[in-house]
Amino acid sequence: MSKRILYYVLGLNLIAIAVVLNIRYSIGVAAFSSLMYAISEIYQISLGTASIICYLVFVLVQCMLSRKITLTYILEIPLSFAFGFLTDVYDFWIPELHISLFYRSAFFIVTMFVTAMGVFLCVKTDFVLTPTDGIVNTISEVFDLPFSTVKNIFDLSLVALSAIVCLINHADFYGIGIGTVLSAIFIGRIIKIYEGYLSIC
């Protein structure tokens with residue numbers, strides 16, 4: 001149990017760190033955080049606050065899809081606030097990065113593997129998922145689809161929704177770039193590789 005808790009906490013921190021790092025690289029935020037970042041920039045609220053708003057909506061959607069309210073879904077609510085706070089902490093701690101495009105691109109690729117590992121650890125420890133992963137897991141279970149496949153589709157959907165929100169508000173396409181597209185395509189596939197070769201429980 002202590003090992004699983006350690007993996008879970010590590011996974012949450014890896015995801016939060018990756019979210020902020022992807023913003024710092026300025027080549028497109030990770031797909032799963034694109035909507036939160038767009039809302040944060042458009043309405044001038046912290047990334048953590050925007051994340052909490054989206055997470056609470058995701059919890060509601062999970063209840064609607066599964067047609068039930070479970071303890072797992074309820075526990076995602078305080079986790080939403082905790083993870084939003086954690087995101088703001090790393091957003092405060094991690095400085096702006098003044099490095100070349102080549103290094104930013106290379107680090108972005110590495111960070112995709114970090115993000116995928118964070119998601120993998122949180123899912124496989126079978127504790128409370130972040131609502132971003134929780135809704136993917138719920139869709140996966142309800143429609144009997146592989147988690148990694150649903151992850152790809154859901155991430156692409158968030159990118160599309162981010163673009164729509166920006167258009168509605170006559171704003172720039174905040175955070176959407178080549179990095180966003182790459183993360184939408186590959187993070188789910190990287191998770192699939194971890195699923196095939198790693199066992200942590």
# chains A, B, ... in the order shown; residues from 1 in each chain; ligands from 1
>>> closest_atom_pairs(of="stretch 56-169 of chain A", to="stretch 23-46 of chain A", cutoff="10 Å", atoms="only C-alpha atoms", output="CSV")
residue,atom,partner,partner_atom,distance
A:Gly84,CA,A:Ser46,CA,9.1
A:Phe85,CA,A:Ser46,CA,9.7
A:Thr87,CA,A:Ser46,CA,9.3
A:Asp88,CA,A:Ser46,CA,7.0
A:Asp91,CA,A:Ser46,CA,9.1
A:Ile94,CA,A:Arg24,CA,8.5
A:Pro95,CA,A:Arg24,CA,8.0
A:Glu96,CA,A:Arg24,CA,5.9
A:Leu97,CA,A:Arg24,CA,6.1
A:His98,CA,A:Tyr25,CA,9.0
A:Ile99,CA,A:Tyr25,CA,8.7
A:Ser100,CA,A:Tyr25,CA,9.6
A:Leu101,CA,A:Tyr25,CA,8.3
A:Tyr103,CA,A:Tyr25,CA,9.0
A:Arg104,CA,A:Tyr25,CA,5.3
A:Ser105,CA,A:Tyr25,CA,7.4
A:Ala106,CA,A:Tyr25,CA,9.8
A:Phe107,CA,A:Tyr25,CA,8.0
A:Phe108,CA,A:Tyr25,CA,6.9
A:Thr111,CA,A:Ala30,CA,9.4
A:Met112,CA,A:Ala30,CA,8.0
A:Thr115,CA,A:Ala30,CA,8.9
A:Thr132,CA,A:Phe32,CA,7.3
A:Asp133,CA,A:Phe32,CA,9.2
A:Lys151,CA,A:Phe32,CA,8.9
A:Asn152,CA,A:Ala31,CA,9.3
A:Phe154,CA,A:Phe32,CA,7.9
A:Asp155,CA,A:Phe32,CA,5.1
A:Leu156,CA,A:Ala31,CA,6.7
A:Ser157,CA,A:Ala31,CA,8.8
A:Leu158,CA,A:Leu35,CA,6.0
A:Val159,CA,A:Ala31,CA,5.7
A:Ala160,CA,A:Leu35,CA,8.9
A:Leu161,CA,A:Leu35,CA,6.8
A:Ser162,CA,A:Leu35,CA,4.6
A:Ala163,CA,A:Leu35,CA,8.3
A:Ile164,CA,A:Leu35,CA,9.7
A:Val165,CA,A:Ala38,CA,7.6
A:Cys166,CA,A:Ala38,CA,7.0
A:Asn169,CA,A:Ile42,CA,7.6
>>> write_last_selection(atoms="N, CA and C atoms", output="compact mmCIF listing (two decimals), in the first residue's frame")
# COMPACT_ATOMS: atom_id res chain seq x y z
N GLY A 84 -5.33 21.53 -8.53
CA GLY A 84 -5.29 22.91 -9.01
C GLY A 84 -4.29 23.73 -8.20
N PHE A 85 -4.29 23.53 -6.88
CA PHE A 85 -3.33 24.22 -6.02
C PHE A 85 -1.91 23.80 -6.36
N THR A 87 -0.77 22.71 -9.18
CA THR A 87 -0.41 23.31 -10.47
C THR A 87 0.04 24.75 -10.29
N ASP A 88 -0.69 25.51 -9.46
CA ASP A 88 -0.32 26.90 -9.21
C ASP A 88 1.02 27.00 -8.49
N ASP A 91 3.60 26.46 -11.06
CA ASP A 91 3.58 27.62 -11.95
C ASP A 91 4.35 28.78 -11.32
N ILE A 94 8.45 27.29 -11.10
CA ILE A 94 9.23 27.05 -12.33
C ILE A 94 9.38 28.36 -13.10
N PRO A 95 10.61 28.81 -13.32
CA PRO A 95 10.84 30.10 -13.98
C PRO A 95 10.63 30.03 -15.49
N GLU A 96 10.62 31.18 -16.13
CA GLU A 96 10.59 31.23 -17.59
C GLU A 96 11.88 30.62 -18.13
N LEU A 97 11.79 29.94 -19.25
CA LEU A 97 12.95 29.28 -19.82
C LEU A 97 13.44 30.04 -21.05
N HIS A 98 14.67 30.54 -20.97
CA HIS A 98 15.24 31.30 -22.08
C HIS A 98 16.25 30.42 -22.81
N ILE A 99 15.72 29.48 -23.59
CA ILE A 99 16.56 28.55 -24.33
C ILE A 99 16.10 28.51 -25.78
N SER A 100 16.92 27.94 -26.64
CA SER A 100 16.63 27.93 -28.07
C SER A 100 15.45 27.03 -28.40
N LEU A 101 14.89 27.23 -29.57
CA LEU A 101 13.76 26.42 -30.02
C LEU A 101 14.13 24.94 -30.09
N TYR A 103 16.22 23.22 -28.18
CA TYR A 103 16.20 22.62 -26.85
C TYR A 103 14.78 22.57 -26.28
N ARG A 104 14.00 23.61 -26.57
CA ARG A 104 12.61 23.59 -26.10
C ARG A 104 11.84 22.44 -26.73
N SER A 105 12.09 22.20 -28.01
CA SER A 105 11.42 21.10 -28.72
C SER A 105 11.86 19.75 -28.17
N ALA A 106 13.17 19.62 -27.93
CA ALA A 106 13.70 18.36 -27.39
C ALA A 106 13.14 18.09 -25.99
N PHE A 107 13.11 19.13 -25.16
CA PHE A 107 12.59 18.97 -23.80
C PHE A 107 11.09 18.67 -23.82
N PHE A 108 10.39 19.24 -24.80
CA PHE A 108 8.95 18.98 -24.90
C PHE A 108 8.70 17.50 -25.15
N THR A 111 9.19 15.66 -22.04
CA THR A 111 8.10 15.94 -21.11
C THR A 111 6.84 15.14 -21.46
N MET A 112 6.66 14.81 -22.74
CA MET A 112 5.52 13.97 -23.11
C MET A 112 5.62 12.60 -22.43
N THR A 115 4.74 13.16 -18.77
CA THR A 115 3.28 13.26 -18.62
C THR A 115 2.63 11.89 -18.68
N THR A 132 -9.34 14.70 -15.25
CA THR A 132 -8.95 14.60 -16.65
C THR A 132 -8.76 13.14 -17.04
N ASP A 133 -8.11 12.38 -16.17
CA ASP A 133 -7.91 10.95 -16.43
C ASP A 133 -9.14 10.15 -16.02
N LYS A 151 -7.87 8.11 -24.51
CA LYS A 151 -7.00 9.24 -24.15
C LYS A 151 -6.67 10.07 -25.38
N ASN A 152 -6.31 9.41 -26.47
CA ASN A 152 -6.00 10.11 -27.71
C ASN A 152 -7.20 10.92 -28.21
N PHE A 154 -9.91 11.90 -26.54
CA PHE A 154 -10.32 12.93 -25.61
C PHE A 154 -9.39 14.14 -25.69
N ASP A 155 -8.09 13.90 -25.79
CA ASP A 155 -7.13 15.00 -25.88
C ASP A 155 -7.36 15.83 -27.14
N LEU A 156 -7.61 15.16 -28.27
CA LEU A 156 -7.90 15.87 -29.51
C LEU A 156 -9.18 16.69 -29.38
N SER A 157 -10.16 16.14 -28.67
CA SER A 157 -11.42 16.85 -28.46
C SER A 157 -11.22 18.12 -27.63
N LEU A 158 -10.33 18.04 -26.62
CA LEU A 158 -10.05 19.22 -25.80
C LEU A 158 -9.37 20.31 -26.61
N VAL A 159 -8.49 19.92 -27.53
CA VAL A 159 -7.83 20.90 -28.39
C VAL A 159 -8.87 21.61 -29.25
N ALA A 160 -9.78 20.84 -29.83
CA ALA A 160 -10.84 21.41 -30.66
C ALA A 160 -11.72 22.36 -29.84
N LEU A 161 -12.05 21.94 -28.62
CA LEU A 161 -12.88 22.76 -27.74
C LEU A 161 -12.15 24.04 -27.35
N SER A 162 -10.84 23.95 -27.13
CA SER A 162 -10.03 25.13 -26.81
C SER A 162 -10.09 26.15 -27.95
N ALA A 163 -9.96 25.64 -29.17
CA ALA A 163 -10.02 26.52 -30.35
C ALA A 163 -11.39 27.20 -30.44
N ILE A 164 -12.45 26.45 -30.15
CA ILE A 164 -13.80 27.01 -30.20
C ILE A 164 -13.99 28.10 -29.15
N VAL A 165 -13.49 27.85 -27.94
CA VAL A 165 -13.58 28.85 -26.86
C VAL A 165 -12.84 30.12 -27.25
N CYS A 166 -11.68 29.97 -27.85
CA CYS A 166 -10.90 31.14 -28.28
C CYS A 166 -11.64 31.91 -29.37
N ASN A 169 -14.59 33.89 -27.99
CA ASN A 169 -14.15 35.07 -27.24
C ASN A 169 -13.28 36.02 -28.06
>>> select_by_dssp(residues="stretch 1-186 of chain A", states="helix (DSSP H, G or I)", output="PyMOL selection string")
chain A and resi 2-25+31-42+47-66+71-93+101-124+131-142+147-168+178-186
>>> closest_atom_pairs(of="stretch 111-199 of chain A", to="stretch 8-15 of chain A", cutoff="10 Å", atoms="only C-alpha atoms", output="CSV")
residue,atom,partner,partner_atom,distance
A:Thr111,CA,A:Leu14,CA,9.2
A:Met112,CA,A:Ile15,CA,9.8
A:Val114,CA,A:Leu14,CA,6.3
A:Thr115,CA,A:Ile15,CA,5.2
A:Ala116,CA,A:Ile15,CA,8.1
A:Met117,CA,A:Gly11,CA,6.9
A:Gly118,CA,A:Gly11,CA,3.8
A:Val119,CA,A:Gly11,CA,6.3
A:Phe120,CA,A:Gly11,CA,7.5
A:Leu121,CA,A:Gly11,CA,5.2
A:Cys122,CA,A:Tyr8,CA,5.0
A:Val123,CA,A:Tyr8,CA,8.4
A:Lys124,CA,A:Tyr8,CA,8.6
A:Thr125,CA,A:Tyr8,CA,6.2
A:Asp126,CA,A:Tyr8,CA,8.6
A:Phe127,CA,A:Tyr8,CA,7.4
A:Val128,CA,A:Tyr8,CA,9.0
A:Leu129,CA,A:Leu12,CA,9.0
A:Thr130,CA,A:Leu12,CA,8.0
>>> write_last_selection(atoms="C-alpha atoms", output="mmCIF file, in the first residue's frame")
data_model
loop_
_atom_site.group_PDB
_atom_site.id
_atom_site.type_symbol
_atom_site.label_atom_id
_atom_site.label_comp_id
_atom_site.auth_asym_id
_atom_site.auth_seq_id
_atom_site.Cartn_x
_atom_site.Cartn_y
_atom_site.Cartn_z
ATOM 1 C CA THR A 111 8.098 15.937 -21.106
ATOM 2 C CA MET A 112 5.517 13.968 -23.106
ATOM 3 C CA VAL A 114 6.961 12.378 -18.199
ATOM 4 C CA THR A 115 3.284 13.264 -18.619
ATOM 5 C CA ALA A 116 2.437 9.784 -19.860
ATOM 6 C CA MET A 117 4.295 8.243 -16.911
ATOM 7 C CA GLY A 118 2.368 10.443 -14.466
ATOM 8 C CA VAL A 119 -0.953 9.385 -15.978
ATOM 9 C CA PHE A 120 0.134 5.741 -16.067
ATOM 10 C CA LEU A 121 1.139 5.766 -12.391
ATOM 11 C CA CYS A 122 -2.100 7.422 -11.266
ATOM 12 C CA VAL A 123 -4.256 5.005 -13.252
ATOM 13 C CA LYS A 124 -2.404 1.819 -12.320
ATOM 14 C CA THR A 125 -2.266 2.537 -8.576
ATOM 15 C CA ASP A 126 -6.073 2.459 -8.698
ATOM 16 C CA PHE A 127 -6.577 5.389 -6.348
ATOM 17 C CA VAL A 128 -8.571 8.524 -7.147
ATOM 18 C CA LEU A 129 -7.761 9.786 -10.634
ATOM 19 C CA THR A 130 -7.487 13.399 -11.622
#
>>> closest_residue(among="A:Gly188, A:Gly177, A:Gly196, A:Pro131", to="A:Ser80", atoms="only C-alpha atoms")
A:Pro131
>>> atom_distance(atom1="atom CA of A:Tyr90", atom2="atom CA of A:Ala16")
7.1 Å
>>> atom_distance(atom1="atom CA of A:Ile109", atom2="atom CA of A:Ile176")
15.8 Å
>>> atom_distance(atom1="atom CA of A:Val57", atom2="atom CA of A:Gly134")
11.7 Å
>>> closest_residue(among="A:Ala82, A:Glu76, A:Leu182, A:Phe173", to="A:Thr49", atoms="only C-alpha atoms")
A:Ala82
>>> residues_around(residues="A:Ser66", least_positions_apart="3", cutoff="9 Å", atoms="only C-alpha atoms", output="ChimeraX atom specification")
/A:61-63,69,138-139,141-142
>>> decode(residues="stretch 43-88 of chain A", atoms="C-alpha atoms", output="PDB file, in the first residue's frame")
ATOM      1  CA  TYR A  43     -10.494  35.252 -18.308  1.00  0.00           C
ATOM      2  CA  GLN A  44      -7.278  36.209 -16.493  1.00  0.00           C
ATOM      3  CA  ILE A  45      -7.473  33.618 -13.742  1.00  0.00           C
ATOM      4  CA  SER A  46      -4.761  31.298 -12.476  1.00  0.00           C
ATOM      5  CA  LEU A  47      -4.077  28.045 -14.293  1.00  0.00           C
ATOM      6  CA  GLY A  48      -4.989  26.149 -11.130  1.00  0.00           C
ATOM      7  CA  THR A  49      -8.362  27.902 -10.854  1.00  0.00           C
ATOM      8  CA  ALA A  50      -9.146  27.228 -14.517  1.00  0.00           C
ATOM      9  CA  SER A  51      -8.181  23.588 -13.979  1.00  0.00           C
ATOM     10  CA  ILE A  52     -10.515  23.287 -10.984  1.00  0.00           C
ATOM     11  CA  ILE A  53     -13.437  24.650 -13.034  1.00  0.00           C
ATOM     12  CA  CYS A  54     -12.822  22.175 -15.861  1.00  0.00           C
ATOM     13  CA  TYR A  55     -12.249  19.292 -13.447  1.00  0.00           C
ATOM     14  CA  LEU A  56     -15.580  19.849 -11.695  1.00  0.00           C
ATOM     15  CA  VAL A  57     -17.317  19.777 -15.082  1.00  0.00           C
ATOM     16  CA  PHE A  58     -15.506  16.517 -15.892  1.00  0.00           C
ATOM     17  CA  VAL A  59     -16.722  14.985 -12.627  1.00  0.00           C
ATOM     18  CA  LEU A  60     -20.297  15.935 -13.524  1.00  0.00           C
ATOM     19  CA  VAL A  61     -19.931  14.378 -16.981  1.00  0.00           C
ATOM     20  CA  GLN A  62     -18.597  11.155 -15.429  1.00  0.00           C
ATOM     21  CA  CYS A  63     -21.704  10.890 -13.241  1.00  0.00           C
ATOM     22  CA  MET A  64     -23.928  11.460 -16.264  1.00  0.00           C
ATOM     23  CA  LEU A  65     -22.139   8.899 -18.439  1.00  0.00           C
ATOM     24  CA  SER A  66     -22.128   6.182 -15.801  1.00  0.00           C
ATOM     25  CA  ARG A  67     -25.571   7.191 -14.517  1.00  0.00           C
ATOM     26  CA  LYS A  68     -24.445   6.968 -10.925  1.00  0.00           C
ATOM     27  CA  ILE A  69     -22.647   8.901  -8.228  1.00  0.00           C
ATOM     28  CA  THR A  70     -19.867   6.901  -6.632  1.00  0.00           C
ATOM     29  CA  LEU A  71     -17.417   7.577  -3.843  1.00  0.00           C
ATOM     30  CA  THR A  72     -14.667   7.666  -6.471  1.00  0.00           C
ATOM     31  CA  TYR A  73     -16.365  10.523  -8.294  1.00  0.00           C
ATOM     32  CA  ILE A  74     -17.006  12.379  -5.039  1.00  0.00           C
ATOM     33  CA  LEU A  75     -13.348  12.058  -4.051  1.00  0.00           C
ATOM     34  CA  GLU A  76     -12.334  13.589  -7.373  1.00  0.00           C
ATOM     35  CA  ILE A  77     -13.831  16.880  -6.157  1.00  0.00           C
ATOM     36  CA  PRO A  78     -11.336  17.573  -3.322  1.00  0.00           C
ATOM     37  CA  LEU A  79      -8.598  16.157  -5.562  1.00  0.00           C
ATOM     38  CA  SER A  80      -9.556  18.758  -8.172  1.00  0.00           C
ATOM     39  CA  PHE A  81      -8.866  21.543  -5.688  1.00  0.00           C
ATOM     40  CA  ALA A  82      -5.654  19.906  -4.468  1.00  0.00           C
ATOM     41  CA  PHE A  83      -4.327  19.374  -7.987  1.00  0.00           C
ATOM     42  CA  GLY A  84      -5.291  22.909  -9.011  1.00  0.00           C
ATOM     43  CA  PHE A  85      -3.332  24.224  -6.022  1.00  0.00           C
ATOM     44  CA  LEU A  86      -0.384  21.968  -6.905  1.00  0.00           C
ATOM     45  CA  THR A  87      -0.411  23.311 -10.471  1.00  0.00           C
ATOM     46  CA  ASP A  88      -0.316  26.905  -9.213  1.00  0.00           C
TER      47      ASP A  88
END
